[in-house]
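Quick look at target_7.csv (CSV, C-alpha atoms):
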```
chain,number,residue,atom,x,y,z
P,5,MET,CA,-29.4,230.0,-44.7
P,6,ASP,CA,-30.0,229.5,-48.4
P,7,ARG,CA,-27.8,232.4,-49.2
P,8,ILE,CA,-25.0,231.0,-47.1
P,9,PHE,CA,-25.2,227.6,-48.7
P,10,LYS,CA,-25.2,229.1,-52.2
P,11,SER,CA,-22.2,231.3,-51.4
P,12,LEU,CA,-20.3,228.3,-50.1
P,13,ILE,CA,-21.0,226.3,-53.2
P,14,LEU,CA,-19.8,229.3,-55.3
P,15,LEU,CA,-16.5,229.3,-53.5
P,16,VAL,CA,-15.9,225.7,-54.3
P,17,VAL,CA,-16.9,226.1,-57.9
P,18,VAL,CA,-14.6,229.1,-58.4
P,19,SER,CA,-11.7,227.3,-56.8
P,20,SER,CA,-12.3,224.1,-58.7
P,21,SER,CA,-11.4,225.6,-62.0
P,22,SER,CA,-7.7,225.2,-61.3
P,23,ALA,CA,-8.3,221.5,-60.5
P,24,VAL,CA,-10.0,220.9,-63.8
P,25,ALA,CA,-7.1,221.9,-66.1
P,26,ALA,CA,-4.7,219.0,-65.9
P,27,ALA,CA,-2.8,216.5,-68.0
P,28,GLU,CA,-3.9,212.9,-67.9
P,29,ASP,CA,-6.3,210.4,-66.2
P,30,PHE,CA,-5.4,209.1,-62.8
P,31,PRO,CA,-3.2,206.0,-62.4
P,32,ALA,CA,-4.9,202.7,-63.1
P,33,TYR,CA,-3.6,201.1,-59.9
P,34,TRP,CA,-5.8,203.5,-57.9
P,35,ARG,CA,-8.9,201.7,-59.2
P,36,LYS,CA,-8.4,198.8,-56.8
P,37,THR,CA,-8.9,201.1,-53.8
P,38,MET,CA,-11.4,203.4,-55.4
P,39,THR,CA,-14.4,201.6,-53.9
P,40,ASN,CA,-17.6,202.5,-52.0
P,41,ASP,CA,-16.3,200.4,-49.1
P,42,PRO,CA,-14.3,201.9,-46.2
P,43,LYS,CA,-12.5,198.5,-45.7
P,44,THR,CA,-10.7,198.9,-49.0
P,45,ASN,CA,-10.9,202.7,-49.5
P,46,PHE,CA,-8.6,204.3,-46.9
P,47,TYR,CA,-9.6,207.9,-47.7
P,48,LEU,CA,-13.3,207.0,-47.3
P,49,ALA,CA,-12.5,205.4,-43.9
P,50,GLU,CA,-10.6,208.5,-42.8
P,51,ALA,CA,-13.5,210.8,-43.9
P,52,LEU,CA,-15.9,208.7,-41.7
P,53,LYS,CA,-13.9,209.1,-38.6
P,54,PRO,CA,-15.5,211.7,-36.4
P,55,LEU,CA,-13.6,214.7,-35.2
P,56,PRO,CA,-13.5,215.4,-31.4
P,57,ASN,CA,-15.5,218.6,-31.7
P,58,LYS,CA,-19.1,218.5,-32.9
P,59,ASP,CA,-18.8,221.9,-34.7
P,60,ALA,CA,-15.6,220.8,-36.4
P,61,GLU,CA,-17.4,217.7,-37.6
P,62,THR,CA,-20.2,219.8,-39.0
P,63,LEU,CA,-17.6,221.9,-41.0
P,64,LYS,CA,-15.8,218.8,-42.2
P,65,VAL,CA,-19.1,217.2,-43.4
P,66,LEU,CA,-20.1,220.5,-45.1
P,67,ARG,CA,-16.7,220.7,-46.9
P,68,LEU,CA,-16.9,217.0,-47.9
P,69,SER,CA,-20.3,217.6,-49.4
P,70,LEU,CA,-19.2,220.7,-51.3
P,71,ILE,CA,-16.2,218.8,-52.6
P,72,ALA,CA,-18.3,215.8,-53.6
P,73,GLY,CA,-21.1,217.8,-55.2
P,74,ASN,CA,-18.9,220.2,-57.1
P,75,LEU,CA,-15.7,218.3,-58.0
P,76,CYS,CA,-17.0,214.8,-58.7
P,77,LEU,CA,-18.4,213.9,-62.2
P,78,ASP,CA,-22.2,214.2,-62.5
P,79,ALA,CA,-22.6,214.5,-58.7
P,80,ALA,CA,-25.1,217.1,-57.3
P,81,ILE,CA,-25.9,218.5,-53.9
P,82,ASP,CA,-29.5,218.4,-52.7
P,83,ARG,CA,-29.8,222.0,-51.3
P,84,ARG,CA,-32.8,221.3,-49.2
P,85,THR,CA,-31.1,218.4,-47.4
P,86,GLY,CA,-28.0,220.5,-47.1
P,87,GLU,CA,-29.8,223.4,-45.5
P,88,ALA,CA,-31.7,221.1,-43.2
P,89,TYR,CA,-28.4,219.5,-42.1
P,90,LEU,CA,-26.8,222.9,-41.4
P,91,HIS,CA,-29.9,224.0,-39.4
P,92,ARG,CA,-29.9,220.8,-37.4
P,93,ALA,CA,-26.1,221.0,-36.8
P,94,GLY,CA,-26.3,224.6,-35.6
P,95,TYR,CA,-24.2,226.1,-38.3
P,96,ASP,CA,-25.8,229.5,-37.9
P,97,ARG,CA,-24.7,229.8,-34.2
P,98,LEU,CA,-21.0,229.3,-35.0
P,99,ARG,CA,-19.2,232.6,-34.1
P,100,GLY,CA,-16.0,233.9,-32.8
P,101,LYS,CA,-13.8,231.5,-30.9
P,102,THR,CA,-16.2,228.6,-31.5
P,103,TRP,CA,-15.9,229.1,-35.2
P,104,ASP,CA,-12.1,229.5,-35.0
P,105,GLU,CA,-11.6,226.2,-33.1
P,106,ALA,CA,-14.0,224.3,-35.3
P,107,ALA,CA,-12.5,225.7,-38.5
P,108,PHE,CA,-9.0,224.9,-37.3
P,109,LEU,CA,-9.8,221.3,-36.6
P,110,ALA,CA,-11.9,220.8,-39.8
P,111,ASN,CA,-9.3,222.5,-42.0
P,112,ASP,CA,-6.5,220.4,-40.6
P,113,TRP,CA,-8.2,217.3,-42.0
P,114,PHE,CA,-8.0,218.9,-45.5
P,115,LYS,CA,-4.4,220.2,-45.1
P,116,TYR,CA,-2.9,217.9,-47.7
P,117,PHE,CA,-6.0,217.2,-49.8
P,118,ASN,CA,-4.9,216.1,-53.2
P,119,TYR,CA,-6.2,214.5,-56.4
P,120,ARG,CA,-5.8,211.0,-55.1
P,121,SER,CA,-7.9,211.9,-52.0
P,122,LEU,CA,-10.5,213.4,-54.3
P,123,ALA,CA,-10.7,210.4,-56.6
P,124,HIS,CA,-11.2,208.1,-53.6
P,125,LEU,CA,-13.8,210.3,-52.0
P,126,CYS,CA,-15.7,210.6,-55.3
P,127,ALA,CA,-15.8,206.8,-55.4
P,128,GLY,CA,-17.2,206.7,-51.9
P,129,ILE,CA,-19.9,209.4,-52.3
P,130,ASP,CA,-22.8,207.0,-52.1
P,131,TYR,CA,-21.4,205.5,-48.8
P,132,MET,CA,-21.1,209.0,-47.3
P,133,PHE,CA,-24.1,210.8,-48.7
P,134,GLY,CA,-26.2,208.3,-50.7
P,135,ARG,CA,-29.7,206.9,-49.9
P,136,GLU,CA,-28.3,205.2,-46.7
P,137,GLY,CA,-25.3,207.5,-46.3
P,138,LYS,CA,-23.3,207.3,-43.1
P,139,LEU,CA,-22.7,211.1,-42.8
P,140,VAL,CA,-25.8,212.8,-44.2
P,141,PRO,CA,-28.2,210.6,-46.2
P,142,ASN,CA,-29.4,211.9,-49.6
P,143,LEU,CA,-27.2,215.0,-49.4
P,144,VAL,CA,-25.2,214.3,-52.6
P,145,LYS,CA,-26.3,212.4,-55.7
P,146,PRO,CA,-23.4,210.1,-56.4
P,147,GLY,CA,-22.8,210.6,-60.1
P,148,LYS,CA,-20.0,208.6,-61.8
P,149,GLY,CA,-17.7,208.1,-58.8
P,150,GLU,CA,-14.8,209.9,-60.5
P,151,PRO,CA,-13.4,213.4,-60.3
P,152,LYS,CA,-14.4,216.0,-63.0
P,153,GLY,CA,-10.9,217.0,-63.8
P,154,THR,CA,-8.0,214.9,-64.9
P,155,TYR,CA,-4.9,214.0,-62.9
P,156,ASP,CA,-1.8,216.1,-63.2
P,157,PRO,CA,1.2,214.4,-61.5
P,158,GLN,CA,3.1,217.7,-61.6
P,159,ASN,CA,0.5,219.4,-59.5
P,160,PRO,CA,-1.5,216.8,-57.5
P,161,TYR,CA,-2.6,219.1,-54.6
P,162,LEU,CA,-5.9,220.8,-54.7
P,163,ARG,CA,-6.4,224.3,-53.3
P,164,LEU,CA,-9.6,224.4,-51.3
P,165,PRO,CA,-11.1,227.8,-50.4
P,166,PRO,CA,-11.8,228.6,-46.8
P,167,LEU,CA,-15.4,228.3,-45.6
P,168,ARG,CA,-17.1,231.6,-44.9
P,169,LYS,CA,-18.4,232.3,-41.5
P,170,PRO,CA,-22.1,232.0,-41.4
P,171,ASN,CA,-22.5,235.3,-39.5
P,172,GLY,CA,-19.8,237.5,-40.8
```
This entry written out as structure tokens:
Amino acid sequence: MDRIFKSLILLVVVSSSSAVAAAEDFPAYWRKTMTNDPKTNFYLAEALKPLPNKDAETLKVLRLSLIAGNLCLDAAIDRRTGEAYLHRAGYDRLRGKTWDEAAFLANDWFKYFNYRSLAHLCAGIDYMFGREGKLVPNLVKPGKGEPKGTYDPQNPYLRLPPLRKPNG
């Protein structure tokens, strides 16, 4: 399980290098909605909506935690909490058609993931993964609440790597 979690983190770190090289800071008007409150942060509210499939929800939460822990400034993933969550959620048993269906549903949520989504999710890390987190408490240390990279209006979309199957 530890090897799986480390390899998933490596995938996000490798792909994040393209998101870090950019031109300028994000627009100031985003600050109004970059909050730790789903009532004002649309992207946070959307991230908290459960998917219809339990396995897809597990994959969505895994991806959100990897994004938050690797692409947000000074944020860090607690590996023990992450491994415990994956074990509880049954990540190891996802295979074949079950994996395909869950991955399809989870990946659809990230289809148009862009820098604005990232900035708003970084602002809401504590609400999702903090001490009293709504998704998985204590999974990600919040950090500064901003993305590591800078905003590039010419290329706002972020390419996220696919999650590897836990069993091949």
How close does each residue of region 67-103 of chain P get to region 160-171 of chain P, giving the shortest atom pair and distance in Å to one decimal for every residue with an atom at most 9 Å away, counting only C-alpha atoms, sorted by chain and residue number, as CSV?
```
residue,atom,partner,partner_atom,distance
P:Arg67,CA,P:Leu167,CA,7.8
P:Ile71,CA,P:Leu164,CA,8.8
P:Tyr95,CA,P:Pro170,CA,7.0
P:Asp96,CA,P:Pro170,CA,5.7
P:Arg97,CA,P:Asn171,CA,7.9
P:Leu98,CA,P:Pro170,CA,7.0
P:Arg99,CA,P:Asn171,CA,6.9
P:Trp103,CA,P:Lys169,CA,7.5
```
Restricting the calculation to all atoms listed in the file: of P:Ala127, P:Ala80, P:Val65, P:Ala106, which residue gets closest to Lys53 (chain P)? P:Val65
Asn57 (chain P) environment, 10 Å, all atoms listed in the file, sequence neighbours closer than 3 positions dropped, as a list in words: Pro54, Ala60, Glu61, Thr62, Glu105, Ala106, Leu109 and Ala110 of chain P
Any idea what's packed within 10 Å of region 34-37 of chain P, counting all atoms listed in the file, ignoring anything in its chain fewer than 5 positions away? Could you give it as a list in words?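 Near region 34-37 of chain P, the qualifying residues are Pro42, Lys43, Thr44, Asn45, Phe46, Tyr47, Leu48, Arg120, Ala123, His124 and Ala127 of chain P.
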So, counting all atoms listed in the file, which residue among P:Val144, P:Ala93, P:Ala107, P:Ala49 is closest to Leu70 (chain P)?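 Result for the nearest residue to Leu70 (chain P): P:Val144.
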Counting all atoms listed in the file, what is within 9 Å of Ile129 (chain P), bar same-chain residues fewer than 6 positions away, as a count of residues only? 13
Tyr89 (chain P): which residues within 12 Å, counting only C-alpha atoms, same-chain residues fewer than 5 positions away excluded, as a PDB file with C-alpha atoms, in the coordinates of the input?
```
ATOM      1  CA  MET P   5     -29.400 230.000 -44.700  1.00  0.00           C
ATOM      2  CA  ASP P   6     -30.000 229.500 -48.400  1.00  0.00           C
ATOM      3  CA  PHE P   9     -25.200 227.600 -48.700  1.00  0.00           C
ATOM      4  CA  THR P  62     -20.200 219.800 -39.000  1.00  0.00           C
ATOM      5  CA  LEU P  63     -17.600 221.900 -41.000  1.00  0.00           C
ATOM      6  CA  VAL P  65     -19.100 217.200 -43.400  1.00  0.00           C
ATOM      7  CA  LEU P  66     -20.100 220.500 -45.100  1.00  0.00           C
ATOM      8  CA  SER P  69     -20.300 217.600 -49.400  1.00  0.00           C
ATOM      9  CA  ASP P  82     -29.500 218.400 -52.700  1.00  0.00           C
ATOM     10  CA  ARG P  83     -29.800 222.000 -51.300  1.00  0.00           C
ATOM     11  CA  ARG P  84     -32.800 221.300 -49.200  1.00  0.00           C
ATOM     12  CA  GLY P  94     -26.300 224.600 -35.600  1.00  0.00           C
ATOM     13  CA  TYR P  95     -24.200 226.100 -38.300  1.00  0.00           C
ATOM     14  CA  ASP P  96     -25.800 229.500 -37.900  1.00  0.00           C
ATOM     15  CA  PHE P 133     -24.100 210.800 -48.700  1.00  0.00           C
ATOM     16  CA  LEU P 139     -22.700 211.100 -42.800  1.00  0.00           C
ATOM     17  CA  VAL P 140     -25.800 212.800 -44.200  1.00  0.00           C
ATOM     18  CA  PRO P 141     -28.200 210.600 -46.200  1.00  0.00           C
ATOM     19  CA  ASN P 142     -29.400 211.900 -49.600  1.00  0.00           C
ATOM     20  CA  LEU P 143     -27.200 215.000 -49.400  1.00  0.00           C
TER      21      LEU P 143
END
```
Option closest in space to Leu55 (chain P), from P:Pro31, P:Gly100, P:Thr39, P:Asn111 [counting all atoms listed in the file]: P:Asn111
What is the CA of Tyr131 (chain P)-CA of Asp41 (chain P) distance in Å, reported with one decimal?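 Going from CA of Tyr131 (chain P) over to CA of Asp41 (chain P) covers 7.2 Å.
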What is the distance, in Å and to one decimal place, between CA of Tyr116 (chain P) and CA of Ala51 (chain P)?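 A separation of 13.3 Å between them.
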Using CA of Lys101 (chain P) and CA of Lys58 (chain P) as the two end points, give the distance in Å to one decimal.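 CA of Lys101 (chain P) sits 14.2 Å away from CA of Lys58 (chain P).
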